[in-house]
Amino acid sequence: MNPAQYREARALFHRLADRPDDEQRRTLDDADLETTVAECVRRMLDLDPASDDVFAEDRLGDYGRSLLTEEAWLGAPLERVGRFRVLERLGEGGMGVVFRALDETATDEQPVAVKVLHAGLASTGLVRRFRREAEVLSRLAHPGIARFLDAGVATAVTEDGTARPVHFLAMEYVPGDTILRHASYNGLDQRARLELMARVCDAVYAAHEAGIVHRDLKPGNVLVAPVDDDPVGMPKVLDFGVARHTGEDVETLTLTRTGAVLGTVPYMSPEQVSGGELAVTGASDIYGLGVLTYELLTGELPYPVRGLPLPEAARVVSELPPRRTGRRGDLDTVLGKALEKDPDDRYSSAAALAADLRRLAAGRPVLARPPSWATRSVRIVRRNRALAASVAGVVLALLVGVVVATSAAFREADLRADADASAAEARLAADVSARTAHIARLQNAAASLAAHDLPHARAVLDTCEPERRGWPWHLLRARLDDSIVRTWVPGVTKSSSAQLLPGRTPEEVFLVAVSQEEPRTASLFRWDVRSGAVELAWSRDGAQGTAFHVPTGTLTWIGLDGTWTREVLATGEVLASASMGDVDTKPLLTVPVHSADGVRVRFHGDVDLLLEWDGVEGSAPVVTRFPGQVVTDDAYRWVAWQRGRKILLRDELSGEERSWWEDGRPKSVQPDGTVVVHLTGTGRVALCRFPPDGAPLPDGAPVERRVVQLERGESIGDVVFHPTGDLVATLGGHRSTRVWSTTTGELLHAVHGGSIPQRAGLLLEDDRLVTLDDEGTLRAWDLRAPPGRLVTHGDTVTGLALAGDRVVFCTHDKKLGSVDLRTRELHALAPSPVDAWTLSRVAVSPDGRRLAVSCLRGPPHGRSAYVVDLATGETTELEERGMPWDGNIDFAWSPDGTRLALQDEYHGIDLFAWDADGGGPELVATSPLSGKGVRGAVAFSPDGRWLAARVGTQHAGLLDPETLEVVRRFPGERAILTVIAWSPDGTRLAGGFRDAVARIWSVEDRTILQRLQGHDRTVIGLAWSPDGALLATGSMDRSVRLWDTEHGDEVLRLADVRSEFRELTFARDGECLVGETRTGLWIWDSADAVDRPPVRDPPPPSRDVRDLVAPGG
Amino acid sequence: MSGPPEVTQHLEALARGDRSAVDHLFPLIYGDLRALAGDFFRGRGAETLQPTALVHEAYARLVGRDREGWTGRRHFYSVAALAMRQILVDQARARGAQRRGGDLRRVSLEACDTPVAPETEVDPLVLDEALSALARLDPRQARIAELRFLTGLSVAETADVLGVSERTVKLDWRMARAWLRDALRDGERPRDDDAPGDGPPS
């Protein structure tokens, strides 16, 4: 019997199994069959009837269960493996179990590690890999590599005396922790960590010298044994399980030549993840060492690839530059060289990397050079093309079965079936893979945005294929810069010194910039924060430092020759001008500082002295020397300077001097004497303040410290305080600009945009944040209106409806409002024309003529509904028939605006109609289909031919819009339907269900086209994008998700949501998605923040409901 | 909750048609099933363990509970069924070794003290060989036998894992069952199948 014959027999069996005996016999006798086949079918049919044997239907699984008994499973613990006496079980992995054991033949009592292969794997290719590790290890002798002792097959004896043969590998037992844990438990500093990594490099170098590439370097494979008198410890590289010889022959290559990726993704080099096994050389280990170094020193991975699907991880690692560590010095240069995409660009050997790590540790210059950016970008482009092609090539090759895996599990027949896969299927699969990759990119970018890792988010978004970029992409893209005003200031460059000052009105901000390039121009700009208009108010060439005193409108600037001038901005009148005198270091005094009243001026710079002019014309400046460099001299009263690891602060009013130890550099002093200290190496900012009475704090500390935790290793541009002192903003860092509470240290806002770090910043009274970035762009953010959220008077929004370019909403507080989605302007917040307790739902007719509102009124009305004629302002209350409406009321307008379907929770649907002359409404039809427990289960089709409604509790149905009779039913899947929405073209219907699934039906054939699964709780809101390509779903699980309606993929989950979204709608132009929640109205806007008009203060409430909708709808 | 990313990644590779991913999945799933069962037995008395529950639990651990409709799920169950089969064979071997001092011979399960149905006089090693022989003739039927008989999945679950209709599963299972009955009849080991006319029926 061969497979082809068996297939034929199978076909016959399927056909005959349920036929009567005589028919079976006749068919088999009559058919022209090979004897083997006919015999086989006869035999199978004979043996087919159910019998009470082990295969009986009600016993399935029992057989497996009977074998899975405790006794059988655990067996007796192992007592010995060959000559090794087992002491302790250390752990169990996929391949086997590792024990600590003693070699009974050895004279010393040194424990050894014995790895025993799982019995079940002995028949697979893994046993060869296991042997291989032993073989590789046996060739290596280095203190940094766990020493090989013995390997082979030995008899394992359990405690109850039974014996069986096992594959084992005995090696040196390392009594230590993994490298990351070792470093953190022992509190190793950066220098010790660098030395530790250098020792790992030494060991890997030794392996390379012996012709062995490890290929799976990761923290779990490097243990560190403690060493007396050496806190660094001795690293031991383990697990050469996937290692291979560099000079390998083809036969051994197939052992690991699997096309799929061996090793652990975050630690793998681009050539490893892209599947080019042949390209894996010692340079791949250099890369792995680079990743390990990166993680050991920063606690993070250079690429955030954890949890990504393999093709996407491969792409990230192959295309994106590693995240910068943000550390000072050459660390980024060394890591950059170890992590180069092209193996040829990496360190030539592990020894060279070790040498540079040791140079870093010693603070000496490293040999690695940052690559030239010009050549690098050209090469990256070139290489990306090649890599993209090679990854696609591997996927295709696998699909058509060119690469034959050495799989013990799936046998030849399966593989043969694979080889038949057509090219069309391969293309389809390639498309699926590209789509999956695109979605993974979007999710990766969203995660990076949530972590405020803007450079990475930008890089990921930039690599999305242009033809796949849709609304979700633009939404994420817009979050890269959410400043609402941006103005580029000409002439301000990266090298300019810059200072931002609050103006005399909330709209005004001054920028003082001094260019460091010839002709050294000092400029004063006036910027209107609301309009973005910038105006050059004053400028001088040949200036050094310049200060502007806003209240008096006076300027002080220092010329290149050391003379200083004080003048009135408005008139240009010179108040004073003098030389610095004969102080020998005067050229270094470049920073003028005004006293708070603007009378006196001080000058300081990078020297240990201050020059002070008392403002009296003709008097000479007084020189004060400081025993350290003056770091900051803000607001005139305070002078802070640094001496060694001490910070000194002098109160100029009282003459008191204080000092305290601080491992950091003072950045600024606030008017209340708070010193902002950037703590060295930790990426934290400390706010230090002396108690007001000068007494030590209860714990004896001289200063009160509050620490703001930035990213690890982050360096920031500046720290600025809000005038009230409650907020502090850290500018840039290697991520975003963030605003913190000074009292709790809590992160309040993170705003995106501009170069990183920013040069200068300012927090204004009205909670606007203003910054200047390295490219000379001024930006403003409104911290009161975080991106995506619109302020709606703090009311709970209960319902919304799209009306042309506006969204009309109603509130719990019985008001009606609308927002123009083009201008984001709030139009009216009018009281309900009918007195009610609360408003619960609104609907605007598609012609914009009528507005339907449902509300809860006091007795005797209960639930009621009214319709406002938006042309005349006339309000008509809808009349219920006999029974009062109860529960939620939902509306649906016919497309022509002449019919309104009203559904309540208990009684059903009432259809109201208006005639052409505007007469009505008249109740024209009723249906008992009620919406129990539902909010939004009626909807007119876009062409008005059908009314969709819930039928029963689980089905959607189409109703005749005249008679309300059910004419078509859509299958449910035993879940309660909660909401219905038509696709814009009317060909599909989406339903939200209580089983957390949204389903899409084809209207034509009533089949379920997609099941959108991902939510955790009931789906309660649905919105189709205008092109029908996306569906947004809101759920009780408090998330809003976007789905690709064609393929059913979850594209994006919208973050920042803290409350469930019930009603959702896309704007008519598809630019934004609006959602309604208890905390207000949210707008997810795919347009650039600058293109949106700024959020304005809401207009005074209008009394006229007609203002809600723009004239002409 | 989601498990180690490599399991998901290998499953996705397998879903794309990369058979070699089985090489990586097999040890991971095998190891996890073993560890889970170990935990189970260490934590409780001498209860028996339902293979279906074991596989479901392994899926939740290695892939995540929230990934119900995902395509990689099917592949997980396929590989898990294989691992299950291997584990059962290991058990039988271990037991054989235990009783006969290392001599791998068939053992009647009735000899064990565990409460089993009298009909389960099937030697796991013989069954394993029979399944291997069936897989050479018809891999799908072998897979169905593993999923239904060894793992205890229902017809619907099996259909879902294999991506075929429930009717196909039912009919294939009936034929596979007949074939296995034939192969296991009188405890006879099925012969190799390459020559026409060989194998059941002989």
# chains A, B, ... in the order shown; residues from 1 in each chain; ligands from 1
call {"tool": "residues_around", "arguments": {"residues": "B:Asp32", "least_positions_apart": "4", "cutoff": "7 Å", "atoms": "only C-alpha atoms", "output": "count of residues only"}}
result
3
call {"tool": "residues_around", "arguments": {"residues": "A:Glu135", "least_positions_apart": "2", "cutoff": "10 Å", "atoms": "only C-alpha atoms", "output": "list in words"}}
result
Arg129, Phe130, Arg131, Arg132, Glu133, Leu137, Ser138, Arg139, Leu140, Phe148, Asp150, Ala151, Leu169 and Phe240 of chain A
call {"tool": "closest_residue", "arguments": {"among": "B:Leu134, B:Tyr77, B:Leu180, B:Asp90", "to": "B:Gly163", "atoms": "only C-alpha atoms"}}
result
B:Tyr77
call {"tool": "atom_distance", "arguments": {"atom1": "atom CA of A:Pro921", "atom2": "atom CA of A:Asp890"}}
result
16.9 Å
call {"tool": "residues_around", "arguments": {"residues": "stretch 83-87 of chain B", "least_positions_apart": "2", "cutoff": "6 Å", "atoms": "only C-alpha atoms", "output": "ChimeraX atom specification"}}
result
/A:120 /B:30,80-81,89-90
call {"tool": "closest_residue", "arguments": {"among": "B:Leu162, B:Ala37, B:Ala183, B:Ala130", "to": "chain A", "atoms": "only C-alpha atoms"}}
result
B:Ala37
call {"tool": "atom_distance", "arguments": {"atom1": "atom CA of A:Val797", "atom2": "atom CA of A:Ser832"}}
result
13.7 Å
call {"tool": "residues_around", "arguments": {"residues": "A:Ala522", "least_positions_apart": "3", "cutoff": "7 Å", "atoms": "only C-alpha atoms", "output": "list in words"}}
result
Ala513, Val514, Ser515, Ser539, Arg540, Asp541, Ala543 and Thr546 of chain A
call {"tool": "residues_around", "arguments": {"residues": "B:His10", "least_positions_apart": "3", "cutoff": "7 Å", "atoms": "only C-alpha atoms", "output": "list in words"}}
result
Glu6, Val7, Ala13, Leu14, Ala21 and Leu25 of chain B
call {"tool": "residues_around", "arguments": {"residues": "stretch 502-508 of chain A", "least_positions_apart": "3", "cutoff": "7 Å", "atoms": "only C-alpha atoms", "output": "list in words"}}
result
Arg526, Trp527, Asp528, Val529, Arg530 and Val550 of chain A
call {"tool": "closest_residue", "arguments": {"among": "B:Ala145, B:Met175, B:Ala159, B:Leu184", "to": "chain A", "atoms": "only C-alpha atoms"}}
result
B:Met175
call {"tool": "closest_residue", "arguments": {"among": "A:Leu560, A:Leu1054, A:Val601, A:Ala780", "to": "A:Ser531", "atoms": "only C-alpha atoms"}}
result
A:Ala780
call {"tool": "closest_residue", "arguments": {"among": "A:Ser495, A:Thr463, A:Gln1010, A:Thr963", "to": "chain B", "atoms": "only C-alpha atoms"}}
result
A:Gln1010
call {"tool": "residues_around", "arguments": {"residues": "stretch 906-910 of chain A", "least_positions_apart": "4", "cutoff": "9 Å", "atoms": "only C-alpha atoms", "output": "PDB file with C-alpha atoms, in the first residue's frame"}}
result
ATOM      1  CA  GLU A 880     -45.602  57.910  22.399  1.00  0.00           C
ATOM      2  CA  ARG A 881     -48.411  55.517  21.696  1.00  0.00           C
ATOM      3  CA  MET A 883     -47.271  53.028  26.772  1.00  0.00           C
ATOM      4  CA  PRO A 884     -44.524  55.352  27.896  1.00  0.00           C
ATOM      5  CA  TRP A 885     -41.111  54.741  26.427  1.00  0.00           C
ATOM      6  CA  ASP A 886     -38.653  53.251  28.817  1.00  0.00           C
ATOM      7  CA  GLY A 887     -34.950  52.693  29.104  1.00  0.00           C
ATOM      8  CA  LEU A 900     -37.185  58.919  12.106  1.00  0.00           C
ATOM      9  CA  ALA A 901     -37.086  55.497  13.713  1.00  0.00           C
ATOM     10  CA  LEU A 902     -37.195  55.546  17.482  1.00  0.00           C
ATOM     11  CA  LEU A 923     -46.517  57.887  13.600  1.00  0.00           C
ATOM     12  CA  VAL A 924     -46.634  55.694  10.479  1.00  0.00           C
ATOM     13  CA  ALA A 925     -45.528  52.276  11.658  1.00  0.00           C
ATOM     14  CA  THR A 926     -44.577  50.358  14.764  1.00  0.00           C
ATOM     15  CA  SER A 927     -42.689  47.189  15.460  1.00  0.00           C
ATOM     16  CA  PRO A 928     -42.312  45.197  18.651  1.00  0.00           C
ATOM     17  CA  LEU A 929     -38.524  44.851  18.172  1.00  0.00           C
ATOM     18  CA  SER A 930     -37.231  46.451  21.338  1.00  0.00           C
ATOM     19  CA  GLY A 931     -33.696  47.294  22.232  1.00  0.00           C
ATOM     20  CA  LYS A 932     -33.402  45.749  25.670  1.00  0.00           C
ATOM     21  CA  VAL A 938     -31.292  50.711  14.722  1.00  0.00           C
ATOM     22  CA  LEU A 964     -41.102  47.667   9.722  1.00  0.00           C
TER      23      LEU A 964
END
call {"tool": "closest_residue", "arguments": {"among": "B:Arg34, B:Arg177, B:Arg74, B:His56", "to": "B:Val164", "atoms": "only C-alpha atoms"}}
result
B:Arg74
call {"tool": "atom_distance", "arguments": {"atom1": "atom CA of A:Leu747", "atom2": "atom CA of A:Arg768"}}
result
16.2 Å
